[in-house]
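One structure is given here, and the rest of the page talks about it.
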Amino acid sequence: MQRTRPTLRPGAGSGSSSLRRLAAVLALSLAGCMRGGTSELPPVHVVLDMDFQPKLKAQAASGFPGWPDGRGMRLPVADSNGRPAVVARGTLPDPVLANRGADDQFVNRNPVPPTAAVLQRGREQFDVHCAICHGYSGQGGNDPQTGHGMTGRRWPVKIPSFHFATGEGADNRVPNLLDGELFEVIANGKGTMPAYGARIVPADRWAIVHYVRALQRLSK
Amino acid sequence: MTVLFPKWTNKLPAWLALGAAATGLFVVLAVNYWFSPRHTDVGYQPFQPIEYSHKLHVDLLGMDCRYCHRNVETGPHATVPDADTCWGCHAQVKKDSKLLAELVAKYGNGKADNPSIEWTKVHLLPDFTYFDHSVHVRANVGCTSCHGRVDQMEIVRQVEPLSMGWCLDCHRDPAPHVRPPGVPATRMDWVPTAESIAAAQRRLEWQGDTPPELNPPTHCSACHR
């Protein structure tokens with residue numbers, strides 16, 4: 001069996017090309033040595049000091065064998081029914097901020113006083129969490145032209161308006177929701193809307209309710 | 001008579017001294033350039049477990065940083081989101097995306113017993129440094145001051161050295177980074193103006209008997225415990 005000689009690429013090994021290759025290699029290695037590039041490798045620690053300490057850090061993994069899910073941050077200990085049996089510090093529900101009364105009915109009165117600071121906070125939180133679907137004006141909608149939220153303009157997700165409608169067959173169910181019901185929807189979601197209870201604390205939920213009411217008053 | 005030292009050796013000490021000086025200068029400059037966090041740390045751009053694009057979500061779709069990094073106002077960490085945050089929207093939006101299929105395959109669809117998304121931390125500090133996001137957000141220092149234009153990044157990379165000297169540069173002269181009260185810290189395209197710097201400077205100085213509103217510490221225990 002005759003071996004074929006590997007064909008040389010044209011120009012390979014010739015003087016000018018190898019010089020060019022050398023120049024390219026030099027330029028590359030120099031570029032790798034200069035600032036301004038990117039690297040997937042973690043930063044080099046020239047002096048280690050105590051940069052890396054064997055302690056648990058926020059949202060980091062843990063190798064402790066008793067925690068098979070590997071999470072360094074633990075969930076509250078659960079009782080036999082799977083419900084949390086302990087309350088993390090600072091997360092005990094404040095009865096003043098409850099959205100249901102003693103009779104388990106939704107309250108129709110926002111327990112947080114509507115100060116300028118509260119309204120400002122409500123606006124901030126509304127713009128962060130709500131506006132991407134409901135729009136900064138709270139008018140919602142899912143039409144590419146007339147939709148107010150980013151989501152509704154791009155995708156056919158049904159998003160109601162917070163504002164009162166007039167005329168034949170106007171559906172004012174959403175604007176007529178009680179304060180306590182709005183709070184409930186923020187906390188637990190409804191229909192296609194996800195629950196925001198884990199992201200927006202009760203005081204901020206009430207601030208958002210105030211801000212939604214302020215938006216409604218503007219359009220009336 | 002043999003010449004033990006030929007004539008050229010007369011100049012040897014001078015050449016040696018020159019060489020030593022040049023080597024010393026090179027070592028100093030090399031350490032200054034290559035050992036600096038501006039070289040070792042800036043540009044760190046790790047692969048993330050899923051291909052999430054900040055440019056798409058923030059620049060194109062206009063989402064706020066705090067939608068996902070939710071504890072940034074109240075806690076030391078701007079926490080990275082769980083899969084549940086993704087699924088809040090993606091249960092409806094772009095359900096058939098190939099990238100979302102990857103998310104489901106690796107981390108499930110946001111149920112409580114699903115594994116956590118193993119985001120790779122980009123902005124690393126030494127373990128003896130206790131940075132607190134919330135105080136900086138309360139002082140209205142913009143996200144871009146330390147993280148750069150994340151809204152223009154497909155994959156997040158480190159753009160500032162995050163070294164102690166760099167921290168202190170700002171703590172000694174924070175005015176260009178303190179935003180006026182009306183501008184959210186999360187706004188990405190804000191740049192300081194002469195007025196904003198002057199207004200911030202006023203908040204950093206004594207006004208008669210009133211102590212400064214902002215007082216960035218420069219002592220050790222501000223960040224090291």
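Naming scheme: A, B, ... for chains in displayed order of the structure tokens; residues 1 onward per chain; ligands 1 onward as shown.
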**OP:** Tell me which protein, DNA and RNA residues are within 8 Å of B:Val93, counting only C-alpha atoms, leaving out same-chain ones fewer than 2 positions away, and put them as a VMD selection string.
**Re:** (chain A and resid 151 155 157) or (chain B and resid 89 to 91 95)
Write a file of the just-selected residues containing N, CA and C atoms, as an mmCIF file, in the first residue's frame.
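Contents of again10.cif, freshly written:
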data_model
loop_
_atom_site.group_PDB
_atom_site.id
_atom_site.type_symbol
_atom_site.label_atom_id
_atom_site.label_comp_id
_atom_site.auth_asym_id
_atom_site.auth_seq_id
_atom_site.Cartn_x
_atom_site.Cartn_y
_atom_site.Cartn_z
ATOM 1 N N THR A 151 -45.164 43.261 27.077
ATOM 2 C CA THR A 151 -45.552 41.876 26.824
ATOM 3 C C THR A 151 -46.742 41.808 25.867
ATOM 4 N N TRP A 155 -46.774 39.736 22.429
ATOM 5 C CA TRP A 155 -47.307 38.385 22.503
ATOM 6 C C TRP A 155 -48.789 38.417 22.876
ATOM 7 N N VAL A 157 -50.843 37.728 25.041
ATOM 8 C CA VAL A 157 -51.210 37.416 26.423
ATOM 9 C C VAL A 157 -52.325 38.376 26.827
ATOM 10 N N CYS B 89 -42.982 34.759 33.420
ATOM 11 C CA CYS B 89 -43.306 35.272 32.083
ATOM 12 C C CYS B 89 -43.317 34.150 31.053
ATOM 13 N N HIS B 90 -42.326 33.249 31.125
ATOM 14 C CA HIS B 90 -42.140 32.315 30.019
ATOM 15 C C HIS B 90 -43.121 31.157 30.033
ATOM 16 N N ALA B 91 -43.998 31.113 31.030
ATOM 17 C CA ALA B 91 -45.125 30.188 30.933
ATOM 18 C C ALA B 91 -46.058 30.644 29.808
ATOM 19 N N LYS B 95 -42.924 30.278 24.585
ATOM 20 C CA LYS B 95 -42.939 28.950 25.204
ATOM 21 C C LYS B 95 -42.122 27.929 24.429
#
Original post:
Near chain B, which residues of chain A fall within 7 Å when you count only C-alpha atoms, and what do they look like as number ranges by chain?
Top reply: A: 35-44, 46, 50-53, 128-129, 132, 150, 155, 157, 194, 199
Original post:
stretch 212-222 of chain B: which residues within 7 Å, counting only C-alpha atoms, same-chain residues fewer than 6 positions away excluded, as a list in words?
Top reply: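 In the requested form, the answer reads Leu168, His171, Arg203, Leu204, Glu205 and Trp206 of chain B.
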Quick check for you: according to DSSP on this backbone, which residues of stretch 63-119 of chain A are classed as helix (DSSP H, G or I)? Reply as an mmCIF file with N, CA and C atoms, in the first residue's frame.
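Output below, filename out_21.cif:
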data_model
loop_
_atom_site.group_PDB
_atom_site.id
_atom_site.type_symbol
_atom_site.label_atom_id
_atom_site.label_comp_id
_atom_site.auth_asym_id
_atom_site.auth_seq_id
_atom_site.Cartn_x
_atom_site.Cartn_y
_atom_site.Cartn_z
ATOM 1 N N PRO A 95 -50.133 41.597 61.140
ATOM 2 C CA PRO A 95 -51.602 41.559 61.060
ATOM 3 C C PRO A 95 -52.195 42.875 60.557
ATOM 4 N N VAL A 96 -51.484 43.992 60.788
ATOM 5 C CA VAL A 96 -51.988 45.281 60.307
ATOM 6 C C VAL A 96 -52.015 45.318 58.780
ATOM 7 N N LEU A 97 -51.077 44.611 58.170
ATOM 8 C CA LEU A 97 -50.965 44.658 56.717
ATOM 9 C C LEU A 97 -51.729 43.511 56.045
ATOM 10 N N ALA A 116 -46.990 60.891 50.226
ATOM 11 C CA ALA A 116 -46.247 61.080 48.973
ATOM 12 C C ALA A 116 -45.170 60.013 48.829
ATOM 13 N N ALA A 117 -44.506 59.686 49.955
ATOM 14 C CA ALA A 117 -43.433 58.684 49.895
ATOM 15 C C ALA A 117 -43.995 57.321 49.515
ATOM 16 N N VAL A 118 -45.175 56.981 50.077
ATOM 17 C CA VAL A 118 -45.789 55.685 49.769
ATOM 18 C C VAL A 118 -46.177 55.623 48.295
ATOM 19 N N LEU A 119 -46.766 56.707 47.788
ATOM 20 C CA LEU A 119 -47.149 56.738 46.372
ATOM 21 C C LEU A 119 -45.915 56.630 45.476
#
**OP:** Find the spatial neighbours of stretch 177-184 of chain A, counting only C-alpha atoms, within a cut-off of 8 Å - ignore same-chain residues fewer than 3 positions away - and output them as a ChimeraX atom specification.
**Re:** /A:99-100,106-110,173-174,187-189,205-206,209
Just write the chosen residues, C-alpha atoms, as a PDB file, in the first residue's frame.
ATOM      1  CA  ASN A  99     -55.588  41.864  53.234  1.00  0.00           C
ATOM      2  CA  ARG A 100     -58.391  39.853  54.847  1.00  0.00           C
ATOM      3  CA  PHE A 106     -61.148  41.027  51.644  1.00  0.00           C
ATOM      4  CA  VAL A 107     -60.642  44.424  53.211  1.00  0.00           C
ATOM      5  CA  ASN A 108     -61.681  47.430  51.164  1.00  0.00           C
ATOM      6  CA  ARG A 109     -59.395  49.844  52.927  1.00  0.00           C
ATOM      7  CA  ASN A 110     -55.688  50.157  52.346  1.00  0.00           C
ATOM      8  CA  ARG A 173     -64.587  43.857  36.994  1.00  0.00           C
ATOM      9  CA  VAL A 174     -60.869  44.585  37.358  1.00  0.00           C
ATOM     10  CA  ALA A 187     -49.310  38.167  46.139  1.00  0.00           C
ATOM     11  CA  ASN A 188     -50.672  35.017  44.508  1.00  0.00           C
ATOM     12  CA  GLY A 189     -51.208  35.865  40.855  1.00  0.00           C
ATOM     13  CA  ARG A 205     -48.038  45.652  47.666  1.00  0.00           C
ATOM     14  CA  TRP A 206     -50.212  48.180  49.480  1.00  0.00           C
ATOM     15  CA  VAL A 209     -52.510  49.397  45.310  1.00  0.00           C
TER      16      VAL A 209
END
Subject >> Distance query B:Lys106 at most 9 Å, only C-alpha atoms, self and fewer than 4 positions along chain excluded, as JSON, numbers by chain >> reply: {"B": [49, 50, 101, 102, 115, 117]}
**OP:** May I have the residues within 12 Å of stretch 84-90 of chain A as a ChimeraX atom specification, using only C-alpha atoms and disregarding those fewer than 6 positions away in the same chain?
**Re:** /A:74-78,201
Let me see the file: selected residues, C-alpha atoms, as an mmCIF file, in the first residue's frame.
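Written out: selection31.cif:
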data_model
loop_
_atom_site.group_PDB
_atom_site.id
_atom_site.type_symbol
_atom_site.label_atom_id
_atom_site.label_comp_id
_atom_site.auth_asym_id
_atom_site.auth_seq_id
_atom_site.Cartn_x
_atom_site.Cartn_y
_atom_site.Cartn_z
ATOM 1 C CA ARG A 74 -31.791 26.632 53.431
ATOM 2 C CA LEU A 75 -35.564 26.678 53.178
ATOM 3 C CA PRO A 76 -37.517 27.003 56.440
ATOM 4 C CA VAL A 77 -37.877 23.707 58.276
ATOM 5 C CA ALA A 78 -41.178 22.116 57.260
ATOM 6 C CA VAL A 201 -43.237 42.653 50.409
#
